[in-house]
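Undergrad: The structure file model18.pdb (PDB, C-alpha atoms and all ligand atoms) is provided below.
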ATOM      1  CA  ASN A   1    -186.398-114.351  82.983
ATOM      2  CA  SER A   2    -185.065-117.384  84.778
ATOM      3  CA  LYS A   3    -185.584-119.771  81.838
ATOM      4  CA  ARG A   4    -183.061-118.295  79.390
ATOM      5  CA  LYS A   5    -179.644-119.851  78.925
ATOM      6  CA  TRP A   6    -177.016-117.654  80.509
ATOM      7  CA  SER A   7    -173.304-117.647  79.753
ATOM      8  CA  LEU A   8    -170.239-115.772  80.921
ATOM      9  CA  GLN A   9    -170.495-113.450  77.897
ATOM     10  CA  ASP A  10    -173.730-112.071  79.332
ATOM     11  CA  PHE A  11    -171.865-110.545  82.277
ATOM     12  CA  GLU A  12    -169.185-107.972  83.031
ATOM     13  CA  ILE A  13    -167.363-109.104  86.160
ATOM     14  CA  GLY A  14    -166.576-106.489  88.822
ATOM     15  CA  LYS A  15    -164.681-106.537  92.107
ATOM     16  CA  PRO A  16    -164.521-109.654  94.256
ATOM     17  CA  LEU A  17    -166.966-109.393  97.178
ATOM     18  CA  GLY A  18    -165.701-112.314  99.191
ATOM     19  CA  LYS A  19    -163.899-115.589  99.107
ATOM     20  CA  GLY A  20    -165.804-118.748  99.920
ATOM     21  CA  LYS A  21    -164.493-122.215 100.710
ATOM     22  CA  PHE A  22    -165.338-123.462  97.214
ATOM     23  CA  GLY A  23    -164.908-120.307  95.146
ATOM     24  CA  ARG A  24    -165.383-116.558  95.083
ATOM     25  CA  VAL A  25    -168.294-114.130  94.856
ATOM     26  CA  TYR A  26    -167.974-111.196  92.438
ATOM     27  CA  LEU A  27    -169.962-108.083  91.751
ATOM     28  CA  ALA A  28    -171.222-108.402  88.170
ATOM     29  CA  ARG A  29    -173.475-106.651  85.670
ATOM     30  CA  GLU A  30    -175.685-108.272  83.061
ATOM     31  CA  VAL A  31    -174.563-106.585  79.842
ATOM     32  CA  LYS A  32    -177.921-105.974  78.088
ATOM     33  CA  SER A  33    -180.037-104.881  81.059
ATOM     34  CA  LYS A  34    -177.150-103.361  83.075
ATOM     35  CA  TYR A  35    -178.703-105.218  86.019
ATOM     36  CA  ILE A  36    -176.297-105.619  88.949
ATOM     37  CA  VAL A  37    -175.968-109.131  90.391
ATOM     38  CA  ALA A  38    -173.546-111.131  92.507
ATOM     39  CA  LEU A  39    -171.866-114.001  90.674
ATOM     40  CA  LYS A  40    -170.766-116.918  92.818
ATOM     41  CA  ILE A  41    -168.098-118.932  90.992
ATOM     42  CA  ILE A  42    -167.480-122.498  92.151
ATOM     43  CA  PHE A  43    -164.736-124.718  90.756
ATOM     44  CA  LYS A  44    -165.910-128.141  89.638
ATOM     45  CA  GLU A  45    -162.706-129.773  90.862
ATOM     46  CA  GLN A  46    -163.534-128.425  94.335
ATOM     47  CA  LEU A  47    -166.949-130.103  94.082
ATOM     48  CA  GLU A  48    -165.283-133.387  93.206
ATOM     49  CA  LYS A  49    -162.679-133.000  95.919
ATOM     50  CA  TYR A  50    -165.265-132.321  98.655
ATOM     51  CA  ARG A  51    -167.873-134.605  97.047
ATOM     52  CA  ILE A  52    -170.643-132.004  97.407
ATOM     53  CA  HIS A  53    -172.215-131.709  93.947
ATOM     54  CA  HIS A  54    -175.423-133.418  95.210
ATOM     55  CA  GLN A  55    -175.597-130.917  98.080
ATOM     56  CA  LEU A  56    -175.008-128.036  95.673
ATOM     57  CA  ARG A  57    -177.746-129.274  93.313
ATOM     58  CA  ARG A  58    -180.247-129.679  96.168
ATOM     59  CA  GLU A  59    -179.413-126.257  97.609
ATOM     60  CA  MET A  60    -179.702-124.643  94.151
ATOM     61  CA  GLU A  61    -183.091-126.255  93.527
ATOM     62  CA  ILE A  62    -184.295-125.081  96.952
ATOM     63  CA  GLN A  63    -182.877-121.574  96.527
ATOM     64  CA  THR A  64    -184.406-121.151  93.050
ATOM     65  CA  SER A  65    -187.832-122.168  94.350
ATOM     66  CA  LEU A  66    -187.821-119.738  97.293
ATOM     67  CA  ARG A  67    -189.400-116.309  96.752
ATOM     68  CA  HIS A  68    -189.387-114.177  99.888
ATOM     69  CA  PRO A  69    -188.299-110.550 100.542
ATOM     70  CA  ASN A  70    -185.871-111.735 103.244
ATOM     71  CA  ILE A  71    -184.286-114.549 101.244
ATOM     72  CA  LEU A  72    -181.608-113.724  98.692
ATOM     73  CA  ARG A  73    -182.780-114.686  95.182
ATOM     74  CA  LEU A  74    -180.932-117.195  93.020
ATOM     75  CA  TYR A  75    -181.902-116.015  89.505
ATOM     76  CA  GLY A  76    -180.208-118.876  87.640
ATOM     77  CA  TRP A  77    -176.954-120.596  86.934
ATOM     78  CA  PHE A  78    -174.685-121.743  84.109
ATOM     79  CA  HIS A  79    -171.359-123.539  83.825
ATOM     80  CA  ASP A  80    -168.288-123.860  81.633
ATOM     81  CA  SER A  81    -165.695-126.611  81.495
ATOM     82  CA  GLU A  82    -164.224-125.982  84.929
ATOM     83  CA  ARG A  83    -166.625-123.704  86.823
ATOM     84  CA  ILE A  84    -170.251-123.365  87.953
ATOM     85  CA  PHE A  85    -171.689-119.836  88.091
ATOM     86  CA  LEU A  86    -174.600-118.880  90.358
ATOM     87  CA  ILE A  87    -176.434-115.668  89.425
ATOM     88  CA  LEU A  88    -177.466-114.202  92.764
ATOM     89  CA  GLU A  89    -179.374-111.133  93.906
ATOM     90  CA  TYR A  90    -176.963-108.353  94.876
ATOM     91  CA  ALA A  91    -177.525-107.056  98.438
ATOM     92  CA  TYR A  92    -176.205-103.474  98.452
ATOM     93  CA  GLY A  93    -175.852-103.148 102.220
ATOM     94  CA  GLY A  94    -173.228-105.812 102.685
ATOM     95  CA  GLU A  95    -172.875-108.309 105.522
ATOM     96  CA  LEU A  96    -174.994-107.952 108.642
ATOM     97  CA  TYR A  97    -172.057-109.481 110.507
ATOM     98  CA  ASN A  98    -169.952-106.366 109.799
ATOM     99  CA  GLU A  99    -172.771-104.128 111.059
ATOM    100  CA  LEU A 100    -172.887-106.140 114.279
ATOM    101  CA  ARG A 101    -169.106-105.933 114.730
ATOM    102  CA  LYS A 102    -169.161-102.216 113.926
ATOM    103  CA  HIS A 103    -171.847-101.397 116.523
ATOM    104  CA  GLY A 104    -170.890-104.076 119.058
ATOM    105  CA  HIS A 105    -174.556-104.959 119.507
ATOM    106  CA  PHE A 106    -177.903-103.795 118.066
ATOM    107  CA  SER A 107    -180.646-101.801 119.781
ATOM    108  CA  GLU A 108    -183.736-103.806 120.795
ATOM    109  CA  GLU A 109    -185.712-102.177 117.995
ATOM    110  CA  GLN A 110    -183.073-103.081 115.382
ATOM    111  CA  ALA A 111    -182.697-106.624 116.781
ATOM    112  CA  ALA A 112    -186.481-107.043 116.801
ATOM    113  CA  THR A 113    -186.669-105.919 113.157
ATOM    114  CA  TYR A 114    -184.027-108.421 112.083
ATOM    115  CA  ILE A 115    -185.516-111.265 114.157
ATOM    116  CA  ALA A 116    -188.990-110.521 112.775
ATOM    117  CA  SER A 117    -187.603-110.697 109.207
ATOM    118  CA  LEU A 118    -185.779-113.951 109.981
ATOM    119  CA  THR A 119    -188.926-115.372 111.557
ATOM    120  CA  THR A 120    -191.118-114.719 108.525
ATOM    121  CA  ALA A 121    -188.383-116.014 106.190
ATOM    122  CA  LEU A 122    -187.991-119.206 108.245
ATOM    123  CA  ALA A 123    -191.768-119.658 108.551
ATOM    124  CA  TYR A 124    -191.931-119.383 104.760
ATOM    125  CA  CYS A 125    -189.111-121.956 104.401
ATOM    126  CA  HIS A 126    -190.855-124.312 106.843
ATOM    127  CA  GLU A 127    -194.130-123.996 104.893
ATOM    128  CA  LYS A 128    -192.099-125.163 101.883
ATOM    129  CA  HIS A 129    -190.647-127.971 104.006
ATOM    130  CA  VAL A 130    -187.207-126.424 103.871
ATOM    131  CA  ILE A 131    -185.221-126.487 107.108
ATOM    132  CA  HIS A 132    -182.421-124.013 106.898
ATOM    133  CA  ARG A 133    -180.060-125.424 109.570
ATOM    134  CA  ASP A 134    -177.324-122.941 108.902
ATOM    135  CA  ILE A 135    -178.480-119.467 109.863
ATOM    136  CA  LYS A 136    -175.662-117.374 111.346
ATOM    137  CA  PRO A 137    -174.592-113.714 111.056
ATOM    138  CA  GLU A 138    -172.035-114.568 108.364
ATOM    139  CA  ASN A 139    -174.878-115.765 106.143
ATOM    140  CA  LEU A 140    -177.041-112.671 106.517
ATOM    141  CA  LEU A 141    -176.861-109.730 104.129
ATOM    142  CA  LEU A 142    -178.560-106.329 104.042
ATOM    143  CA  ASP A 143    -180.196-104.725 101.014
ATOM    144  CA  HIS A 144    -180.045-101.027 100.106
ATOM    145  CA  GLU A 145    -182.825-100.311 102.644
ATOM    146  CA  GLY A 146    -181.072-102.267 105.415
ATOM    147  CA  ARG A 147    -183.549-105.133 105.055
ATOM    148  CA  LEU A 148    -182.200-108.532 106.098
ATOM    149  CA  LYS A 149    -181.568-111.200 103.433
ATOM    150  CA  ILE A 150    -180.741-114.808 104.258
ATOM    151  CA  ALA A 151    -177.909-115.408 101.846
ATOM    152  CA  ASP A 152    -176.691-118.909 102.450
ATOM    153  CA  PHE A 153    -177.539-122.008 100.442
ATOM    154  CA  GLY A 154    -176.504-124.130 103.413
ATOM    155  CA  TRP A 155    -173.445-123.668 101.210
ATOM    156  CA  SER A 156    -170.768-122.655 103.602
ATOM    157  CA  VAL A 157    -168.604-119.728 102.669
ATOM    158  CA  GLN A 158    -165.457-119.882 104.715
ATOM    159  CA  SER A 159    -166.709-118.338 107.955
ATOM    160  CA  ARG A 160    -164.874-115.014 108.054
ATOM    161  CA  SER A 161    -165.347-114.578 111.758
ATOM    162  CA  LYS A 162    -162.390-114.511 114.172
ATOM    163  CA  ARG A 163    -164.271-117.245 116.054
ATOM    164  CA  HIS A 164    -162.070-120.124 117.210
ATOM    165  CA  THR A 165    -163.991-122.697 115.162
ATOM    166  CA  MET A 166    -163.108-121.503 111.677
ATOM    167  CA  CYS A 167    -165.139-123.993 109.678
ATOM    168  CA  GLY A 168    -168.789-124.025 110.755
ATOM    169  CA  THR A 169    -168.953-122.669 114.295
ATOM    170  CA  LEU A 170    -170.886-124.775 116.833
ATOM    171  CA  ASP A 171    -172.379-121.679 118.466
ATOM    172  CA  TYR A 172    -175.701-121.827 116.663
ATOM    173  CA  LEU A 173    -176.299-125.563 116.749
ATOM    174  CA  ALA A 174    -179.188-126.785 118.868
ATOM    175  CA  PRO A 175    -178.581-129.715 121.236
ATOM    176  CA  GLU A 176    -180.042-132.276 118.849
ATOM    177  CA  MET A 177    -177.779-130.996 116.080
ATOM    178  CA  VAL A 178    -174.802-131.065 118.383
ATOM    179  CA  GLU A 179    -175.761-134.576 119.371
ATOM    180  CA  ASN A 180    -176.077-135.279 115.663
ATOM    181  CA  LYS A 181    -179.694-136.307 116.164
ATOM    182  CA  ALA A 182    -182.369-136.030 113.514
ATOM    183  CA  HIS A 183    -183.634-132.520 113.756
ATOM    184  CA  ASP A 184    -186.696-130.712 112.606
ATOM    185  CA  TYR A 185    -187.936-127.148 112.266
ATOM    186  CA  ALA A 186    -187.290-126.497 115.958
ATOM    187  CA  VAL A 187    -183.595-126.278 115.055
ATOM    188  CA  ASP A 188    -184.224-123.102 113.070
ATOM    189  CA  ASN A 189    -186.383-121.703 115.856
ATOM    190  CA  TRP A 190    -183.598-122.442 118.347
ATOM    191  CA  THR A 191    -181.197-120.486 116.104
ATOM    192  CA  LEU A 192    -183.551-117.504 116.243
ATOM    193  CA  GLY A 193    -183.049-117.425 120.006
ATOM    194  CA  ILE A 194    -179.288-117.662 119.608
ATOM    195  CA  LEU A 195    -179.242-114.843 117.047
ATOM    196  CA  CYS A 196    -181.566-112.709 119.167
ATOM    197  CA  TYR A 197    -179.059-113.067 122.026
ATOM    198  CA  GLU A 198    -176.104-112.266 119.751
ATOM    199  CA  PHE A 199    -177.835-109.210 118.218
ATOM    200  CA  LEU A 200    -178.503-107.825 121.716
ATOM    201  CA  TYR A 201    -175.258-108.806 123.474
ATOM    202  CA  GLY A 202    -172.783-108.882 120.553
ATOM    203  CA  ALA A 203    -171.725-112.510 121.025
ATOM    204  CA  PRO A 204    -173.618-115.835 120.954
ATOM    205  CA  PRO A 205    -174.732-117.183 124.370
ATOM    206  CA  PHE A 206    -172.647-120.362 124.527
ATOM    207  CA  GLU A 207    -169.423-119.030 123.047
ATOM    208  CA  SER A 208    -166.486-120.576 124.890
ATOM    209  CA  GLU A 209    -162.748-120.965 124.607
ATOM    210  CA  SER A 210    -162.979-124.488 123.232
ATOM    211  CA  GLN A 211    -165.478-126.315 121.035
ATOM    212  CA  SER A 212    -165.997-128.908 123.764
ATOM    213  CA  ASP A 213    -166.932-126.166 126.261
ATOM    214  CA  THR A 214    -169.381-124.715 123.710
ATOM    215  CA  PHE A 215    -170.776-128.214 123.222
ATOM    216  CA  LYS A 216    -171.255-128.687 126.981
ATOM    217  CA  ARG A 217    -172.873-125.267 127.379
ATOM    218  CA  ILE A 218    -175.300-125.971 124.508
ATOM    219  CA  MET A 219    -176.234-129.345 125.946
ATOM    220  CA  LYS A 220    -176.832-127.782 129.371
ATOM    221  CA  VAL A 221    -178.529-124.792 127.690
ATOM    222  CA  ASP A 222    -176.263-122.854 130.023
ATOM    223  CA  LEU A 223    -177.825-119.458 129.314
ATOM    224  CA  SER A 224    -176.784-116.386 131.287
ATOM    225  CA  PHE A 225    -177.470-112.696 130.715
ATOM    226  CA  PRO A 226    -174.680-110.165 131.370
ATOM    227  CA  SER A 227    -175.819-107.025 133.216
ATOM    228  CA  SER A 228    -174.505-104.867 130.388
ATOM    229  CA  PRO A 229    -175.676-104.046 127.832
ATOM    230  CA  ASN A 230    -178.955-103.543 129.645
ATOM    231  CA  VAL A 231    -181.487-105.799 127.874
ATOM    232  CA  SER A 232    -185.197-105.637 128.718
ATOM    233  CA  MET A 233    -186.854-108.415 130.723
ATOM    234  CA  GLU A 234    -189.199-109.103 127.784
ATOM    235  CA  ALA A 235    -186.211-109.687 125.496
ATOM    236  CA  ARG A 236    -184.570-112.011 128.013
ATOM    237  CA  ASN A 237    -187.865-113.864 128.434
ATOM    238  CA  LEU A 238    -188.163-114.321 124.693
ATOM    239  CA  ILE A 239    -184.611-115.682 124.409
ATOM    240  CA  SER A 240    -185.154-118.031 127.356
ATOM    241  CA  ARG A 241    -188.482-119.272 126.015
ATOM    242  CA  VAL A 242    -187.094-119.903 122.550
ATOM    243  CA  THR A 243    -183.824-121.541 123.584
ATOM    244  CA  ILE A 244    -184.413-123.200 126.963
ATOM    245  CA  CYS A 245    -187.776-124.708 125.996
ATOM    246  CA  ILE A 246    -186.578-125.996 122.627
ATOM    247  CA  GLY A 247    -183.190-127.022 123.995
ATOM    248  CA  TYR A 248    -184.635-129.045 126.890
ATOM    249  CA  GLU A 249    -187.805-130.092 125.120
ATOM    250  CA  LYS A 250    -185.829-132.109 122.602
ATOM    251  CA  SER A 251    -183.323-133.837 124.774
ATOM    252  CA  TRP A 252    -184.266-133.626 128.490
ATOM    253  CA  SER A 253    -186.771-135.266 130.870
ATOM    254  CA  ASN A 254    -190.261-133.813 131.435
ATOM    255  CA  SER A 255    -189.170-132.532 134.876
ATOM    256  CA  ILE A 256    -187.216-129.901 132.977
ATOM    257  CA  GLU A 257    -190.281-129.301 130.840
ATOM    258  CA  ALA A 258    -192.315-128.723 133.985
ATOM    259  CA  SER A 259    -189.906-125.992 135.058
ATOM    260  CA  CYS A 260    -189.959-124.719 131.501
ATOM    261  CA  GLU A 261    -193.741-124.476 131.803
ATOM    262  CA  GLY A 262    -193.201-122.576 135.034
ATOM    263  CA  LEU A 263    -190.922-120.219 133.132
ATOM    264  CA  LEU A 264    -193.528-119.916 130.406
ATOM    265  CA  GLU A 265    -196.282-119.209 132.980
ATOM    266  CA  LYS A 266    -194.144-116.499 134.504
ATOM    267  CA  ALA A 267    -193.216-115.007 131.119
ATOM    268  CA  LEU A 268    -196.834-115.089 129.899
ATOM    269  CA  SER A 269    -198.064-113.567 133.158
ATOM    270  CA  SER A 270    -195.517-110.764 132.671
ATOM    271  CA  GLU A 271    -197.287-110.161 129.347
ATOM    272  CA  ASP A 272    -200.597-109.934 131.240
ATOM    273  CA  ASN A 273    -199.516-106.718 132.931
ATOM    274  CA  GLY A 274    -199.907-105.133 129.537
ATOM    275  CA  ALA A 275    -196.162-105.028 128.923
ATOM    276  CA  PRO A 276    -196.363-105.831 125.209
ATOM    277  CA  LEU A 277    -193.613-108.122 123.951
ATOM    278  CA  ASP A 278    -191.865-105.966 121.374
ATOM    279  CA  TYR A 279    -191.042-108.929 119.168
TER     280      TYR A 279
HETATM  281  C1  LIG B 301    -174.095-113.090  97.312
HETATM  282  C2  LIG B 301    -174.180-111.610  97.541
HETATM  283  C3  LIG B 301    -173.270-110.799  98.186
HETATM  284  C4  LIG B 301    -173.804-109.515  98.140
HETATM  285  N1  LIG B 301    -173.317-108.310  98.611
HETATM  286  C5  LIG B 301    -172.145-108.148  99.340
HETATM  287  N2  LIG B 301    -171.427-109.224  99.710
HETATM  288  C6  LIG B 301    -170.305-109.040 100.439
HETATM  289  C7  LIG B 301    -169.545-110.235 100.824
HETATM  290  C8  LIG B 301    -169.814-111.432 100.255
HETATM  291  C9  LIG B 301    -169.067-112.663 100.607
HETATM  292  C10 LIG B 301    -169.085-113.734  99.733
HETATM  293  C11 LIG B 301    -168.383-114.902 100.019
HETATM  294  C12 LIG B 301    -167.668-115.033 101.199
HETATM  295  C13 LIG B 301    -167.683-113.969 102.100
HETATM  296  C14 LIG B 301    -168.373-112.790 101.824
HETATM  297  N3  LIG B 301    -169.855-107.847 100.825
HETATM  298  C15 LIG B 301    -170.544-106.716 100.461
HETATM  299  C16 LIG B 301    -170.069-105.452 100.854
HETATM  300  C17 LIG B 301    -170.794-104.319 100.466
HETATM  301  N4  LIG B 301    -170.333-103.068 100.857
HETATM  302  C18 LIG B 301    -171.124-101.890 100.512
HETATM  303  C19 LIG B 301    -171.601-101.287 101.807
HETATM  304  N5  LIG B 301    -170.445-100.924 102.648
HETATM  305  C20 LIG B 301    -170.925-100.269 103.833
HETATM  306  C21 LIG B 301    -169.709-102.181 103.008
HETATM  307  C22 LIG B 301    -169.211-102.892 101.766
HETATM  308  C23 LIG B 301    -171.959-104.427  99.690
HETATM  309  C24 LIG B 301    -172.417-105.673  99.318
HETATM  310  C25 LIG B 301    -171.720-106.826  99.693
HETATM  311  N6  LIG B 301    -174.979-109.575  97.493
HETATM  312  N7  LIG B 301    -175.211-110.850  97.133
END
Take the structure from the file and write it as structure tokens.
TA:
Amino acid sequence: NSKRKWSLQDFEIGKPLGKGKFGRVYLAREVKSKYIVALKIIFKEQLEKYRIHHQLRREMEIQTSLRHPNILRLYGWFHDSERIFLILEYAYGGELYNELRKHGHFSEEQAATYIASLTTALAYCHEKHVIHRDIKPENLLLDHEGRLKIADFGWSVQSRSKRHTMCGTLDYLAPEMVENKAHDYAVDNWTLGILCYEFLYGAPPFESESQSDTFKRIMKVDLSFPSSPNVSMEARNLISRVTICIGYEKSWSNSIEASCEGLLEKALSSEDNGAPLDY
């Protein structure tokens, strides 16, 4: 039950699962129930140093209140003199990011399954007025059935990717985020398009040598589709509709919107010929 007072004595700590920016995540077992969890250990002096205890508290309150099959549970937390311990659901399948690197890219069916899970999880978050803002492959885990779990608290673990921008890659930020504008739910929807692209092609659409090039490509919504791997027209339409429309809608003139409508007309008409969108 999430109301009881936990302490370190309640857990046997296992192997480290990963190292975050503010602490480590360990496999752990609750002694009485033998229930397997992941224990995220954060050092209080790190909180002071980076001045993020308010962010941590907000994220923990949000995470505790969320109950969704595709969002990793935060069962509770406790602290001692120098550390804060988060008792998290253990996802047995590991990081989705490693799956993507292992296979290069996902099949359309696999990508569609993951995007559908992300979509219902984000819709659930938006109903609860939670905007996630930080969805990226590094923050996605898989359970024992391969089901996707959003694992981040908006609480950045040191991004383990080889990507040039080690701390918080720009790749997934929508134009308004990149321009540091106030953003709303559309930011998460934009990210869905970016992830859909990355699941199908193996890399995000605006990845560039330098951060400034990524920035420029995001602002231009400079989206292009390589000829291989061969991705269906419906999938490319979906990505275009989700990114180009949101990208331009927020920060460009209505002339762009008109062409976006044209794109939408075309994409919707392609649906009319009975080619069902598989997402
Ligand atoms: C919070 C949490 C993690 C978690 N499960 C796992 N986390 C991480 C890596 C975690 C991590 C943490 C901080 C920074 C970077 C990575 N790696 C994992 C690797 C796993 N395996 C088992 C499956 N193998 C195919 C690959 C290695 C299983 C679960 C993992 N459940 N709940």
Undergrad: May I have a table of the residues of chain A lying at most 9 Å from ligand LIG 301 (chain B), giving each one's closest pair of atoms and their distance in Å to one decimal, counting only C-alpha atoms and all ligand atoms, ordered by chain and ascending residue number, as CSV?
TA:
residue,atom,partner,partner_atom,distance
A:Pro16,CA,B:LIG301,C8,8.2
A:Leu17,CA,B:LIG301,C7,4.5
A:Gly18,CA,B:LIG301,C9,3.7
A:Lys19,CA,B:LIG301,C12,4.3
A:Gly20,CA,B:LIG301,C12,4.3
A:Lys21,CA,B:LIG301,C12,7.9
A:Gly23,CA,B:LIG301,C11,8.1
A:Arg24,CA,B:LIG301,C11,6.0
A:Val25,CA,B:LIG301,C10,5.0
A:Tyr26,CA,B:LIG301,C10,7.8
A:Leu27,CA,B:LIG301,C4,7.6
A:Val37,CA,B:LIG301,N7,7.0
A:Ala38,CA,B:LIG301,N7,4.9
A:Leu39,CA,B:LIG301,C1,7.1
A:Lys40,CA,B:LIG301,C1,6.8
A:Leu72,CA,B:LIG301,N7,7.2
A:Arg73,CA,B:LIG301,N7,8.7
A:Ile87,CA,B:LIG301,C1,8.6
A:Leu88,CA,B:LIG301,C1,5.8
A:Glu89,CA,B:LIG301,N7,5.3
A:Tyr90,CA,B:LIG301,N6,3.5
A:Ala91,CA,B:LIG301,N6,3.7
A:Tyr92,CA,B:LIG301,C24,4.5
A:Gly93,CA,B:LIG301,C19,4.7
A:Gly94,CA,B:LIG301,C24,3.5
A:Glu95,CA,B:LIG301,N3,5.6
A:Asn98,CA,B:LIG301,C21,8.0
A:Glu99,CA,B:LIG301,C20,8.4
A:Glu138,CA,B:LIG301,C13,7.7
A:Asn139,CA,B:LIG301,C14,8.4
A:Leu141,CA,B:LIG301,N1,6.7
A:Leu142,CA,B:LIG301,C24,7.8
A:Asp143,CA,B:LIG301,N6,7.9
A:His144,CA,B:LIG301,C19,8.6
A:Lys149,CA,B:LIG301,N7,9.0
A:Ala151,CA,B:LIG301,C1,6.4
A:Asp152,CA,B:LIG301,C1,8.2
A:Ser156,CA,B:LIG301,C12,8.6
A:Val157,CA,B:LIG301,C12,5.0
A:Gln158,CA,B:LIG301,C12,6.4
A:Ser159,CA,B:LIG301,C13,7.4
A:Arg160,CA,B:LIG301,C13,6.7
Undergrad: Would you mind listing what lies within 12 Å of segment 47-56 of chain A as a list in words, with only C-alpha atoms counted and same-chain residues fewer than 2 positions away left out?
TA: Lys21, Phe22, Gly23, Ile41, Ile42, Phe43, Lys44, Glu45, Arg58, Glu59, Met60, Glu61, Ile62, Gln63, Thr64, Trp77, Glu82, Arg83, Ile84, Phe85, Leu86, Asp152, Phe153, Gly154, Trp155 and Ser156 of chain A
Undergrad: Go ahead and write the residues just picked, C-alpha atoms, as a PDB file, in the coordinates of the input.
TA:
ATOM      1  CA  LYS A  21    -164.493-122.215 100.710  1.00  0.00           C
ATOM      2  CA  PHE A  22    -165.338-123.462  97.214  1.00  0.00           C
ATOM      3  CA  GLY A  23    -164.908-120.307  95.146  1.00  0.00           C
ATOM      4  CA  ILE A  41    -168.098-118.932  90.992  1.00  0.00           C
ATOM      5  CA  ILE A  42    -167.480-122.498  92.151  1.00  0.00           C
ATOM      6  CA  PHE A  43    -164.736-124.718  90.756  1.00  0.00           C
ATOM      7  CA  LYS A  44    -165.910-128.141  89.638  1.00  0.00           C
ATOM      8  CA  GLU A  45    -162.706-129.773  90.862  1.00  0.00           C
ATOM      9  CA  ARG A  58    -180.247-129.679  96.168  1.00  0.00           C
ATOM     10  CA  GLU A  59    -179.413-126.257  97.609  1.00  0.00           C
ATOM     11  CA  MET A  60    -179.702-124.643  94.151  1.00  0.00           C
ATOM     12  CA  GLU A  61    -183.091-126.255  93.527  1.00  0.00           C
ATOM     13  CA  ILE A  62    -184.295-125.081  96.952  1.00  0.00           C
ATOM     14  CA  GLN A  63    -182.877-121.574  96.527  1.00  0.00           C
ATOM     15  CA  THR A  64    -184.406-121.151  93.050  1.00  0.00           C
ATOM     16  CA  TRP A  77    -176.954-120.596  86.934  1.00  0.00           C
ATOM     17  CA  GLU A  82    -164.224-125.982  84.929  1.00  0.00           C
ATOM     18  CA  ARG A  83    -166.625-123.704  86.823  1.00  0.00           C
ATOM     19  CA  ILE A  84    -170.251-123.365  87.953  1.00  0.00           C
ATOM     20  CA  PHE A  85    -171.689-119.836  88.091  1.00  0.00           C
ATOM     21  CA  LEU A  86    -174.600-118.880  90.358  1.00  0.00           C
ATOM     22  CA  ASP A 152    -176.691-118.909 102.450  1.00  0.00           C
ATOM     23  CA  PHE A 153    -177.539-122.008 100.442  1.00  0.00           C
ATOM     24  CA  GLY A 154    -176.504-124.130 103.413  1.00  0.00           C
ATOM     25  CA  TRP A 155    -173.445-123.668 101.210  1.00  0.00           C
ATOM     26  CA  SER A 156    -170.768-122.655 103.602  1.00  0.00           C
TER      27      SER A 156
END
Undergrad: Pro137 of chain A: which residues within 9 Å, counting all atoms listed in the file, same-chain residues fewer than 6 positions away excluded, as a list of chain:residue names?
TA: A:Glu95, A:Leu96, A:Tyr97, A:Asn98, A:Leu100, A:Leu195, A:Glu198
Undergrad: Would you kindly translate the PyMOL selection byres (((chain A and resi 242) around 8) and not hetatm) into the concrete residues it picks from this file, as a compact mmCIF listing (two decimals) with C-alpha atoms, in the coordinates of the input?
TA:
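Generated output (result_34.txt):
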# COMPACT_ATOMS: atom_id res chain seq x y z
CA ASN A 189 -186.38 -121.70 115.86
CA TRP A 190 -183.60 -122.44 118.35
CA LEU A 192 -183.55 -117.50 116.24
CA GLY A 193 -183.05 -117.42 120.01
CA LEU A 238 -188.16 -114.32 124.69
CA ILE A 239 -184.61 -115.68 124.41
CA SER A 240 -185.15 -118.03 127.36
CA ARG A 241 -188.48 -119.27 126.02
CA THR A 243 -183.82 -121.54 123.58
CA ILE A 244 -184.41 -123.20 126.96
CA CYS A 245 -187.78 -124.71 126.00
CA ILE A 246 -186.58 -126.00 122.63
Undergrad: Have a look at atom CA of Pro175 of chain A and atom CA of Ile218 of chain A and let me know their distance in Å, one decimal.
TA: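 Between atom CA of Pro175 of chain A and atom CA of Ile218 of chain A the gap is 6.0 Å.
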Undergrad: For a quick check of understanding, using only C-alpha atoms, which of A:Val130, A:Leu200, A:Ser228, A:Arg217 has the smallest distance to Glu108 of chain A?
TA: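 Distance minimum relative to Glu108 of chain A lands on A:Leu200.
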Undergrad: Report, in Å with one decimal, the straight-line distance from atom CA of Glu234 of chain A to atom CA of Val221 of chain A.
TA: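 Answer for the atom CA of Glu234 of chain A to atom CA of Val221 of chain A separation: 19.0 Å.
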Undergrad: Hey, what comes out of the PyMOL selection byres (((chain A and resi 229-231) around 12) and not hetatm) on this file? Could you write it as a PyMOL selection string?
TA: chain A and resi 104-109+111+196-203+225-228+232-239
Undergrad: So how far away is atom CA of His132 of chain A from atom CA of Pro69 of chain A, in Å?
TA: 16.0 Å
Undergrad: Mind telling me what the PyMOL selection byres (((chain A and resi 121) around 9) and not hetatm) catches here, as a VMD selection string?
TA: chain A and resid 68 to 71 116 to 120 122 to 126 149 to 150
